[in-house]
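Asker: Below is the file my_file_1.cif, with mmCIF, C-alpha atoms.
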```
data_final
loop_
_atom_site.group_PDB
_atom_site.id
_atom_site.type_symbol
_atom_site.label_atom_id
_atom_site.label_comp_id
_atom_site.auth_asym_id
_atom_site.auth_seq_id
_atom_site.Cartn_x
_atom_site.Cartn_y
_atom_site.Cartn_z
ATOM 1 C CA MET A 1177 -42.345 34.789 27.077
ATOM 2 C CA GLU A 1178 -41.587 38.360 28.091
ATOM 3 C CA GLY A 1179 -39.031 37.059 30.595
ATOM 4 C CA LEU A 1180 -37.238 35.088 27.882
ATOM 5 C CA ALA A 1181 -37.263 38.088 25.558
ATOM 6 C CA ARG A 1182 -35.796 40.247 28.321
ATOM 7 C CA LEU A 1183 -33.090 37.659 29.022
ATOM 8 C CA ARG A 1184 -32.281 37.458 25.320
ATOM 9 C CA ARG A 1185 -31.894 41.232 25.137
ATOM 10 C CA ARG A 1186 -29.616 41.248 28.183
ATOM 11 C CA VAL A 1187 -27.416 38.506 26.761
ATOM 12 C CA ALA A 1188 -27.256 40.306 23.404
ATOM 13 C CA ALA A 1189 -26.313 43.550 25.151
ATOM 14 C CA TYR A 1190 -23.641 41.734 27.168
ATOM 15 C CA ALA A 1191 -22.142 40.151 24.034
ATOM 16 C CA ALA A 1192 -22.389 43.283 21.872
ATOM 17 C CA HIS A 1193 -19.178 44.888 20.690
ATOM 18 C CA ASP A 1194 -18.281 47.378 17.968
ATOM 19 C CA ASP A 1195 -15.586 45.043 16.620
ATOM 20 C CA PRO A 1196 -17.190 42.158 14.658
ATOM 21 C CA LEU A 1197 -14.353 39.744 15.515
ATOM 22 C CA THR A 1198 -14.660 40.511 19.209
ATOM 23 C CA SER A 1199 -18.437 40.209 19.005
ATOM 24 C CA ALA A 1200 -17.941 36.774 17.428
ATOM 25 C CA ALA A 1201 -15.525 35.802 20.215
ATOM 26 C CA ASN A 1202 -18.077 36.899 22.799
ATOM 27 C CA TRP A 1203 -20.781 34.756 21.248
ATOM 28 C CA ILE A 1204 -18.504 31.743 20.909
ATOM 29 C CA ALA A 1205 -17.570 32.059 24.593
ATOM 30 C CA LEU A 1206 -21.197 32.362 25.690
ATOM 31 C CA VAL A 1207 -22.329 29.410 23.556
ATOM 32 C CA VAL A 1208 -19.555 27.237 25.016
ATOM 33 C CA ALA A 1209 -20.428 28.342 28.565
ATOM 34 C CA TRP A 1210 -24.137 27.724 27.926
ATOM 35 C CA ASN A 1211 -23.454 24.185 26.699
ATOM 36 C CA GLN A 1212 -20.991 23.117 29.409
ATOM 37 C CA PRO A 1213 -23.655 22.283 32.039
ATOM 38 C CA PHE A 1214 -25.285 19.883 29.578
ATOM 39 C CA TYR A 1215 -22.097 17.886 28.979
ATOM 40 C CA PRO A 1216 -22.529 15.666 32.079
ATOM 41 C CA LEU A 1217 -26.015 14.771 30.822
ATOM 42 C CA TYR A 1218 -24.630 13.775 27.423
ATOM 43 C CA LEU A 1219 -21.905 11.816 29.191
ATOM 44 C CA TRP A 1220 -24.486 10.129 31.403
ATOM 45 C CA ALA A 1221 -26.268 8.905 28.285
ATOM 46 C CA ALA A 1222 -22.982 7.743 26.757
ATOM 47 C CA VAL A 1223 -21.238 5.985 29.679
ATOM 48 C CA GLY A 1224 -23.655 5.881 32.630
ATOM 49 C CA ALA A 1225 -24.272 7.984 35.723
ATOM 50 C CA ASP A 1226 -21.481 6.391 37.771
ATOM 51 C CA LYS A 1227 -18.752 7.733 35.460
ATOM 52 C CA ILE A 1228 -19.698 11.389 34.968
ATOM 53 C CA ALA A 1229 -17.983 12.868 38.060
ATOM 54 C CA PRO A 1230 -14.805 13.867 36.147
ATOM 55 C CA SER A 1231 -16.929 16.035 33.861
ATOM 56 C CA PHE A 1232 -17.504 18.505 36.683
ATOM 57 C CA LEU A 1233 -13.840 19.532 36.433
ATOM 58 C CA THR A 1234 -14.664 21.138 33.095
ATOM 59 C CA PHE A 1235 -16.884 23.626 34.947
ATOM 60 C CA MET A 1236 -13.726 25.366 36.187
ATOM 61 C CA SER A 1237 -13.558 27.074 32.796
ATOM 62 C CA THR A 1238 -17.228 28.143 32.706
ATOM 63 C CA PRO A 1239 -16.759 31.408 34.659
ATOM 64 C CA ILE A 1240 -13.829 32.344 32.424
ATOM 65 C CA PHE A 1241 -15.842 31.766 29.246
ATOM 66 C CA LEU A 1242 -18.667 33.820 30.753
ATOM 67 C CA ALA A 1243 -16.202 36.611 31.542
ATOM 68 C CA VAL A 1244 -14.920 36.992 27.958
ATOM 69 C CA PRO A 1245 -17.514 39.666 26.986
ATOM 70 C CA ALA A 1246 -16.766 41.607 30.185
ATOM 71 C CA VAL A 1247 -13.057 41.542 29.357
ATOM 72 C CA ALA A 1248 -13.877 42.620 25.793
ATOM 73 C CA LYS A 1249 -15.511 45.807 27.033
ATOM 74 C CA ARG A 1250 -12.125 46.848 28.472
ATOM 75 C CA HIS A 1251 -9.701 45.257 25.999
ATOM 76 C CA ALA A 1252 -10.969 43.548 22.852
ATOM 77 C CA LEU A 1253 -7.707 41.832 21.917
ATOM 78 C CA ALA A 1254 -7.293 40.418 25.433
ATOM 79 C CA ALA A 1255 -10.771 38.893 25.213
ATOM 80 C CA ARG A 1256 -10.010 37.298 21.854
ATOM 81 C CA VAL A 1257 -6.843 35.791 23.330
ATOM 82 C CA LEU A 1258 -8.586 34.679 26.529
ATOM 83 C CA LEU A 1259 -11.170 32.654 24.607
ATOM 84 C CA PRO A 1260 -8.828 30.140 22.908
ATOM 85 C CA LEU A 1261 -6.423 29.991 25.861
ATOM 86 C CA THR A 1262 -9.322 28.990 28.108
ATOM 87 C CA GLY A 1263 -10.367 26.412 25.534
ATOM 88 C CA ILE A 1264 -6.835 24.984 25.371
ATOM 89 C CA ALA A 1265 -6.627 24.740 29.159
ATOM 90 C CA ASN A 1266 -10.051 23.089 29.246
ATOM 91 C CA GLY A 1267 -8.938 20.616 26.575
ATOM 92 C CA ILE A 1268 -5.925 19.621 28.676
ATOM 93 C CA VAL A 1269 -8.042 19.256 31.833
ATOM 94 C CA SER A 1270 -10.633 17.212 29.920
ATOM 95 C CA THR A 1271 -7.977 14.896 28.504
ATOM 96 C CA LYS A 1272 -6.629 14.303 32.010
ATOM 97 C CA ALA A 1273 -10.128 13.755 33.411
ATOM 98 C CA PHE A 1274 -11.409 11.376 30.739
ATOM 99 C CA GLY A 1275 -8.154 9.862 29.477
ATOM 100 C CA VAL A 1276 -6.426 9.973 26.138
ATOM 101 C CA GLY A 1277 -8.788 7.329 24.767
ATOM 102 C CA SER A 1278 -11.796 9.636 25.127
ATOM 103 C CA GLY A 1279 -10.940 11.902 22.216
ATOM 104 C CA ALA A 1280 -11.257 14.993 24.446
ATOM 105 C CA GLU A 1281 -8.229 16.548 22.758
ATOM 106 C CA ILE A 1282 -10.365 17.088 19.650
ATOM 107 C CA PHE A 1283 -11.610 20.278 21.325
ATOM 108 C CA LEU A 1284 -8.176 21.736 20.588
ATOM 109 C CA VAL A 1285 -9.172 21.919 16.910
ATOM 110 C CA PRO A 1286 -11.765 24.701 17.453
ATOM 111 C CA CYS A 1287 -9.143 26.512 19.554
ATOM 112 C CA ALA A 1288 -6.730 26.414 16.621
ATOM 113 C CA LEU A 1289 -9.510 27.606 14.310
ATOM 114 C CA ILE A 1290 -10.145 30.571 16.610
ATOM 115 C CA GLY A 1291 -6.421 31.359 16.533
ATOM 116 C CA ALA A 1292 -6.446 31.260 12.746
ATOM 117 C CA ALA A 1293 -9.652 33.250 12.234
ATOM 118 C CA LEU A 1294 -10.198 35.761 15.055
ATOM 119 C CA PHE A 1295 -7.054 37.831 14.628
ATOM 120 C CA ARG A 1296 -6.392 40.516 12.035
ATOM 121 C CA PRO A 1297 -3.286 40.569 9.815
ATOM 122 C CA SER A 1298 -1.670 43.033 12.232
ATOM 123 C CA GLU A 1299 -2.335 40.509 15.025
ATOM 124 C CA ARG A 1300 -1.244 37.476 13.006
ATOM 125 C CA ALA A 1301 1.654 36.661 15.344
ATOM 126 C CA ILE A 1302 -0.776 36.327 18.260
ATOM 127 C CA GLY A 1303 -3.061 34.088 16.233
ATOM 128 C CA LEU A 1304 -0.141 31.888 15.210
ATOM 129 C CA VAL A 1305 0.913 31.552 18.851
ATOM 130 C CA VAL A 1306 -2.616 30.355 19.685
ATOM 131 C CA VAL A 1307 -2.474 27.832 16.823
ATOM 132 C CA ALA A 1308 0.963 26.678 18.000
ATOM 133 C CA LEU A 1309 -0.214 26.312 21.601
ATOM 134 C CA SER A 1310 -3.143 24.194 20.381
ATOM 135 C CA ALA A 1311 -0.697 21.954 18.517
ATOM 136 C CA VAL A 1312 1.659 21.745 21.501
ATOM 137 C CA ALA A 1313 -1.240 20.812 23.802
ATOM 138 C CA HIS A 1314 -2.259 18.092 21.332
ATOM 139 C CA SER A 1315 1.322 16.782 21.353
ATOM 140 C CA ILE A 1316 1.638 16.420 25.140
ATOM 141 C CA PRO A 1317 3.077 12.940 25.793
ATOM 142 C CA LEU A 1318 0.441 10.418 26.811
ATOM 143 C CA ARG A 1319 2.330 9.534 30.002
ATOM 144 C CA PHE A 1320 1.781 13.100 31.254
ATOM 145 C CA PHE A 1321 -1.950 12.459 31.603
ATOM 146 C CA GLY A 1322 -1.734 9.145 33.402
ATOM 147 C CA GLU A 1323 -4.895 7.205 34.102
ATOM 148 C CA PRO A 1324 -8.345 8.795 33.646
ATOM 149 C CA LEU A 1325 -10.266 9.783 36.761
ATOM 150 C CA ALA A 1326 -12.862 7.042 36.253
ATOM 151 C CA GLY A 1327 -12.684 3.457 35.074
ATOM 152 C CA TYR A 1328 -13.673 3.893 31.467
ATOM 153 C CA THR A 1329 -13.892 0.783 29.311
ATOM 154 C CA ALA A 1330 -13.086 0.520 25.615
ATOM 155 C CA ALA A 1331 -16.819 0.823 24.901
ATOM 156 C CA ASP A 1332 -16.991 3.953 27.077
ATOM 157 C CA ASN A 1333 -14.046 5.453 25.198
ATOM 158 C CA SER A 1334 -15.693 4.718 21.867
ATOM 159 C CA ALA A 1335 -18.884 6.429 23.039
ATOM 160 C CA MET A 1336 -16.948 9.446 24.334
ATOM 161 C CA VAL A 1337 -14.973 9.760 21.094
ATOM 162 C CA GLY A 1338 -18.244 9.933 19.192
ATOM 163 C CA LEU A 1339 -19.722 12.449 21.637
ATOM 164 C CA ASN A 1340 -16.630 14.666 21.649
ATOM 165 C CA ALA A 1341 -16.238 14.533 17.876
ATOM 166 C CA LEU A 1342 -19.869 15.569 17.387
ATOM 167 C CA SER A 1343 -19.558 18.368 19.962
ATOM 168 C CA ALA A 1344 -16.329 19.721 18.449
ATOM 169 C CA ALA A 1345 -17.713 19.485 14.907
ATOM 170 C CA THR A 1346 -20.851 21.384 15.955
ATOM 171 C CA LEU A 1347 -18.703 24.103 17.523
ATOM 172 C CA ILE A 1348 -16.537 24.331 14.389
ATOM 173 C CA VAL A 1349 -19.631 24.694 12.186
ATOM 174 C CA PHE A 1350 -21.011 27.383 14.528
ATOM 175 C CA ILE A 1351 -17.716 29.296 14.388
ATOM 176 C CA GLY A 1352 -17.607 28.979 10.596
ATOM 177 C CA LEU A 1353 -21.181 30.197 10.147
ATOM 178 C CA LEU A 1354 -20.647 33.063 12.585
ATOM 179 C CA LEU A 1355 -17.426 34.264 10.965
ATOM 180 C CA SER A 1356 -18.715 33.845 7.409
ATOM 181 C CA GLY A 1357 -21.696 36.064 8.159
ATOM 182 C CA ALA A 1358 -24.093 33.257 7.247
ATOM 183 C CA MET A 1359 -25.347 33.355 10.837
ATOM 184 C CA PRO A 1360 -24.929 36.883 12.234
ATOM 185 C CA ALA A 1361 -24.628 37.336 15.967
ATOM 186 C CA PRO A 1362 -27.859 38.691 17.499
ATOM 187 C CA ASP A 1363 -26.262 42.088 18.148
ATOM 188 C CA GLN A 1364 -25.508 42.344 14.403
ATOM 189 C CA ARG A 1365 -29.200 42.177 13.406
ATOM 190 C CA GLY A 1366 -31.238 45.260 12.949
ATOM 191 C CA ASP A 1367 -33.909 44.158 15.417
ATOM 192 C CA GLN A 1368 -31.490 43.688 18.289
ATOM 193 C CA VAL A 1369 -29.698 45.983 20.671
ATOM 194 C CA PRO A 1370 -27.731 48.833 19.113
ATOM 195 C CA ARG A 1371 -23.973 48.749 19.107
ATOM 196 C CA ARG A 1372 -22.104 50.476 21.877
ATOM 197 C CA LYS A 1373 -20.769 53.902 21.042
#
```
Reformat the file's structure so that it appears as structure tokens.
Answerer:
Amino acid sequence: MEGLARLRRRVAAYAAHDDPLTSAANWIALVVAWNQPFYPLYLWAAVGADKIAPSFLTFMSTPIFLAVPAVAKRHALAARVLLPLTGIANGIVSTKAFGVGSGAEIFLVPCALIGAALFRPSERAIGLVVVALSAVAHSIPLRFFGEPLAGYTAADNSAMVGLNALSAATLIVFIGLLLSGAMPAPDQRGDQVPRRK
């Protein structure tokens, strides 16, 4: 138990930032990175073990998500931009890997939400660019993606659409709760690590 408490404190210290929006971005990035290794297991349950290999391509983005809090310590705005751009790139890679029938492009919706919510009025142009890039990525012609990297059936696609929709909806709810203050980040609670000076 002490080991878990120590790990929790270290993660909270890593994600901590004086700027609440940047702190939120850090936690979103870490939650996404934490969940990525479980995606092949969910996919295994949905479509079978022989069709999960393409999911390992999504791990290319894991180190970048993990790096968002480190970037934030040097440049908060850059970290808040890096988060949705990494998500957009991951959405494109996922759509190529699993095919347009998988519903993987639904992960572009949380990216657009981040663009709309994580930038101040003075940064509104940057946020609108992120929203626009999410829309452009969603509008990439289907022929660009070609065939998926595994032989997914219509039943597989239906299962993946359900899985991806649930995952994206969960992420959207997490972002909403975090930004509304209904679920403060651990570094925003009085019993957690103090804010950096």
Asker: Given the file shown, determine the residues that the PyMOL selection byres ((chain A and resi 1238) around 10) selects; report them as a PyMOL selection string.
Answerer: chain A and resi 1205-1206+1208-1213+1233-1237+1239-1243+1262+1266
Asker: So, with all atoms listed in the file as the atoms that count, which of A:Lys1227, A:His1251, A:Arg1300, A:His1314 lies closest to A:Ile1264?
Answerer: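 Checking each of A:Lys1227, A:His1251, A:Arg1300, A:His1314 against A:Ile1264, counting all atoms listed in the file, the winner is A:His1314.
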Asker: Once the PyMOL selection byres ((chain A and resi 1302-1307) around 8) has been evaluated on this model, what residues remain selected, and can you format them as a PyMOL selection string?
Answerer: chain A and resi 1257+1260-1261+1287-1295+1299-1301+1308-1311
Asker: May I have the residues within 12 Å of A:Trp1220 as number ranges by chain, using only C-alpha atoms and disregarding those fewer than 4 positions away in the same chain?
Answerer: A: 1214-1216, 1224-1231, 1332, 1335-1336, 1339
Asker: Centre and edge lengths of an axis-aligned box around all listed atoms of stretch 1227-1235 of chain A, with 5 Å added on each side, are to be given in Å to one decimal, as lines of an AutoDock Vina configuration file.
Answerer:
```
center_x = -16.8
center_y = 15.7
center_z = 35.6
size_x = 15.9
size_y = 25.9
size_z = 15.0
```
Asker: So the first atom is atom CA of A:Phe1320 and the second is atom CA of A:Ala1222; what is the distance between them in Å, to one decimal place?
Answerer: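 So the two atoms, atom CA of A:Phe1320 and atom CA of A:Ala1222, lie 25.7 Å apart.
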Asker: So, with all atoms listed in the file as the atoms that count, which of A:Val1244, A:Leu1197, A:Leu1183, A:Ala1192 lies closest to A:Gly1357?
Answerer: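 Residue with the minimum atom-to-atom distance to A:Gly1357: A:Leu1197.
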Asker: Quick one: of A:Leu1180, A:Leu1219, A:Leu1284, A:Ala1254, who's nearest to A:Ser1315, counting only C-alpha atoms?
Answerer: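 Once distances to A:Ser1315 are computed over only C-alpha atoms, the minimum belongs to A:Leu1284.
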Asker: Would you mind listing what lies within 6 Å of A:Pro1245 as a ChimeraX atom specification, with all atoms listed in the file counted and same-chain residues fewer than 3 positions away left out?
Answerer: /A:1191,1202,1248
Asker: Atom CA of A:Asp1194 and atom CA of A:Leu1253 are how many Å apart?
Answerer: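 Between atom CA of A:Asp1194 and atom CA of A:Leu1253 the gap is 12.6 Å.
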Asker: Rounded to one decimal in Å, what is the spacing between atom CA of A:Leu1325 and atom CA of A:Ser1278?
Answerer: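 For atom CA of A:Leu1325 relative to atom CA of A:Ser1278, the distance reads 11.7 Å.
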Asker: Point out the residue among A:Ile1351, A:Val1207, A:Ala1331, A:Val1337 with the least atom-to-atom distance to A:Pro1286, counting all atoms listed in the file.
Answerer: A:Ile1351
Asker: Kindly indicate which residue among A:Ala1181, A:Thr1271, A:Gly1327, A:Arg1256 lies nearest to A:Trp1203, using only C-alpha atoms for the distances.
Answerer: A:Arg1256
Asker: Pull out every residue that the PyMOL selection byres ((chain A and resi 1283) around 9) matches in the shown coordinates and put them as a ChimeraX atom specification.
Answerer: /A:1263-1264,1266-1267,1279-1282,1284-1287,1340-1341,1343-1345,1347
Asker: Between A:Ala1200, A:Gly1338, A:Val1349, A:Val1269, which one has atoms that come closest to A:Val1223, using only C-alpha atoms?
Answerer: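 So, comparing all the options, the nearest one is A:Gly1338.
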